[in-house]
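Only one structure is covered here, and it is reproduced in the block below.
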Amino acid sequence: MEPALQLQPTLYESLEALPERVTGEILNGQLHTQPRPSGAQVGASSALGIELGGPFHRGRGGPGGWWIIDEPEIHFVRNIEVAVPDLAGWRRERMPYLPEDHRFEVVPDWICELLSPSTASKDREIKMPLYAHYEVQYAWLIDPAKRTLEAYRLDAGAWIEVGRFADADQVAVPPFEAVSLDLGAFWPPQRPVLV
């Protein structure tokens with residue numbers, strides 16, 4: 001009697017089997033995992049989603065016409081190239097309906113990554129080139145610890161910086177320049193230093 005063959009799980013099966021408190025992505029043919037984000041990252045992401053949601057997602061006080069989604073599972077190539085940005089946005093004219101399952105297969109128009117010491121190099125060195133390769137048109141990198149926002153647009157396959165903002169700047173940043181954002185609302189209060 002021959003021994004039963006042991007089949008290795010596919011990368012996507014491995015991604016789906018990750019524990020609940022771990023986020024996984026398949027980038028350049030490798031499974032990358034990281035723990036759930038810190039309170040500062042979640043706070044900044046939530047604040048940004050609220051700020052963009054009214055005028056762009058819902059059309060309240062702004063032009064509308066966008067889907068703004070937290071942590072979508074984007075399948076650039078189904079089950080082979082899978083990214084999970086902190087936030088992503090699609091113009092509704094390009095994606096009139098949300099997917100019926102958890103897989104977003106339309107390339108977003110905009111992504112936002114919230115940097116942390118454990119994710120910054122992956123976000124900059126792996127994910128930004130991947131987003132450019134699949135022609136995401138705009139990318140924002142937000143660093144809650146440094147209280148900064150870097151904004152980029154894609155031009156001929158390369159990222160061009162359109163602005164670098166910090167602290168409590170009032171900003172109107174593409175592709176959401178129709179509404180001014182108060183960056184100060186993104187950052188958690190700083191704890192007092194005890195002497």
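The chains in the structure tokens are called A, B, ... from first to last as shown; in each chain the residues are counted from 1, and the ligands are counted from 1 in the order shown.
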For region 51-61 of chain A, find every residue with an atom within 10 Å (counting only C-alpha atoms), except residues of its own chain fewer than 2 positions away, and show them as a PDB file with C-alpha atoms, in the first residue's frame.
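Full text of around-v1.pdb as output:
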```pdb
ATOM      1  CA  SER A  45      -7.414  55.188   9.757  1.00  0.00           C
ATOM      2  CA  SER A  46     -10.855  55.606  11.326  1.00  0.00           C
ATOM      3  CA  ALA A  47     -10.544  59.404  11.393  1.00  0.00           C
ATOM      4  CA  LEU A  48      -9.513  59.457   7.741  1.00  0.00           C
ATOM      5  CA  GLY A  49     -12.381  57.149   6.790  1.00  0.00           C
ATOM      6  CA  PRO A  63     -18.976  65.516  -4.667  1.00  0.00           C
ATOM      7  CA  GLY A  64     -19.685  61.877  -3.720  1.00  0.00           C
ATOM      8  CA  GLY A  65     -19.034  59.223  -6.336  1.00  0.00           C
ATOM      9  CA  TRP A  66     -16.560  57.073  -4.361  1.00  0.00           C
ATOM     10  CA  TRP A  67     -16.457  53.867  -2.355  1.00  0.00           C
ATOM     11  CA  ILE A  68     -14.114  54.341   0.650  1.00  0.00           C
ATOM     12  CA  ILE A  69     -13.433  50.921   2.187  1.00  0.00           C
ATOM     13  CA  GLY A  89     -11.110  54.047  -2.701  1.00  0.00           C
ATOM     14  CA  TRP A  90     -12.813  53.374  -6.006  1.00  0.00           C
ATOM     15  CA  ARG A  91     -14.637  55.820  -8.232  1.00  0.00           C
ATOM     16  CA  ARG A  92     -18.142  54.423  -8.561  1.00  0.00           C
ATOM     17  CA  PHE A 176      -9.768  64.290  -2.708  1.00  0.00           C
ATOM     18  CA  ALA A 178     -12.490  69.009  -3.389  1.00  0.00           C
ATOM     19  CA  VAL A 179     -12.555  69.054   0.441  1.00  0.00           C
ATOM     20  CA  SER A 180      -9.978  70.401   2.901  1.00  0.00           C
ATOM     21  CA  LEU A 181      -8.907  67.933   5.591  1.00  0.00           C
ATOM     22  CA  ASP A 182      -7.642  68.841   9.072  1.00  0.00           C
ATOM     23  CA  LEU A 183      -4.695  66.535   9.706  1.00  0.00           C
ATOM     24  CA  ALA A 185      -8.001  65.226  13.617  1.00  0.00           C
ATOM     25  CA  PHE A 186      -6.029  62.117  12.574  1.00  0.00           C
TER      26      PHE A 186
END
```
Run DSSP on the backbone of this structure and report the residues of chain A it assigns to strand (DSSP E or B), as an NGL selection string.
:A and (22-27 or 30-35 or 66-70 or 73-77 or 81-83 or 87-91 or 103-104 or 110-114 or 138-143 or 148-155 or 158-166 or 170-171 or 181-182)
May I have the residues within 6 Å of region 134-147 of chain A as a PyMOL selection string, using only C-alpha atoms and disregarding those fewer than 2 positions away in the same chain?
chain A and resi 108-115+131-132+149-154+166-167
Write a file of the selected residues as a compact mmCIF listing (two decimals), in the first residue's frame, keeping C-alpha atoms.
```
# COMPACT_ATOMS: atom_id res chain seq x y z
CA PRO A 108 -8.58 50.79 -6.66
CA ASP A 109 -8.13 54.40 -7.75
CA TRP A 110 -6.55 55.30 -4.39
CA ILE A 111 -4.92 53.44 -1.52
CA CYS A 112 -3.74 54.55 1.90
CA GLU A 113 -1.26 52.72 4.09
CA LEU A 114 -0.71 53.62 7.75
CA LEU A 115 2.93 53.12 8.57
CA TYR A 131 0.44 49.30 -6.53
CA ALA A 132 2.30 51.13 -9.31
CA LEU A 149 0.93 62.35 5.35
CA GLU A 150 2.81 61.73 2.09
CA ALA A 151 0.72 61.85 -1.10
CA TYR A 152 1.69 60.37 -4.46
CA ARG A 153 0.19 60.08 -7.94
CA LEU A 154 1.17 57.63 -10.63
CA ALA A 166 2.43 67.27 8.92
CA ASP A 167 0.87 67.99 12.30
```
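For the residues A:Tyr97, A:Leu27, A:Trp187, A:His102, ranking by smallest atom-to-atom distance to Val42 (chain A) using only C-alpha atoms places A:Trp187 first.
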Selection near Glu71 (chain A), 7 Å with only C-alpha atoms, sequence-local residues under 6 positions removed, as a PyMOL selection string
chain A and resi 84-87
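Closest to Arg124 (chain A) among A:Trp159, A:Gly39, A:Val107, A:Gly29 is A:Trp159, based on only C-alpha atoms.
Counting only C-alpha atoms and comparing A:Thr119, A:Gly62, A:Glu81, A:Ile50, the residue that lies closest to Thr23 (chain A) is A:Thr119.
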Taking the backbone alone, and naming residues the way the document does, which bits of region 47-187 of chain A are alpha helix (DSSP H) by DSSP, as a PyMOL selection string?
chain A and resi 47-52+120-122+128-133
Written file, previous selection with N, CA and C atoms, as a compact mmCIF listing (two decimals), in the first residue's frame:
```
# COMPACT_ATOMS: atom_id res chain seq x y z
N ALA A 47 -10.32 57.97 11.59
CA ALA A 47 -10.54 59.40 11.39
C ALA A 47 -10.53 59.75 9.91
N LEU A 48 -9.58 59.19 9.17
CA LEU A 48 -9.51 59.46 7.74
C LEU A 48 -10.75 58.92 7.03
N GLY A 49 -11.17 57.71 7.38
CA GLY A 49 -12.38 57.15 6.79
C GLY A 49 -13.61 58.01 7.05
N ILE A 50 -13.71 58.55 8.27
CA ILE A 50 -14.83 59.44 8.60
C ILE A 50 -14.75 60.72 7.78
N GLU A 51 -13.55 61.31 7.71
CA GLU A 51 -13.37 62.57 6.97
C GLU A 51 -13.69 62.41 5.48
N LEU A 52 -13.27 61.31 4.89
CA LEU A 52 -13.52 61.09 3.46
C LEU A 52 -14.91 60.51 3.20
N ALA A 120 6.41 49.62 7.83
CA ALA A 120 6.84 50.71 6.95
C ALA A 120 7.70 50.23 5.78
N SER A 121 8.66 49.37 6.03
CA SER A 121 9.52 48.95 4.92
C SER A 121 8.73 48.11 3.91
N LYS A 122 7.84 47.25 4.37
CA LYS A 122 7.02 46.46 3.44
C LYS A 122 6.11 47.38 2.64
N MET A 128 4.21 49.60 -2.44
CA MET A 128 4.14 50.76 -3.35
C MET A 128 4.52 50.37 -4.78
N PRO A 129 5.61 49.62 -5.01
CA PRO A 129 5.89 49.19 -6.38
C PRO A 129 4.78 48.29 -6.96
N LEU A 130 4.20 47.44 -6.11
CA LEU A 130 3.11 46.57 -6.55
C LEU A 130 1.91 47.42 -6.98
N TYR A 131 1.56 48.42 -6.17
CA TYR A 131 0.44 49.30 -6.53
C TYR A 131 0.72 50.03 -7.84
N ALA A 132 1.95 50.47 -8.05
CA ALA A 132 2.30 51.13 -9.31
C ALA A 132 2.18 50.15 -10.47
N HIS A 133 2.65 48.91 -10.27
CA HIS A 133 2.59 47.90 -11.33
C HIS A 133 1.15 47.67 -11.79
```
Please provide the set of residues having any atom within 10 Å of Tyr12 (chain A), restricted to only C-alpha atoms, with same-chain residues fewer than 5 positions apart removed, written as a VMD selection string.
chain A and resid 17 24 to 26 31 78 to 82
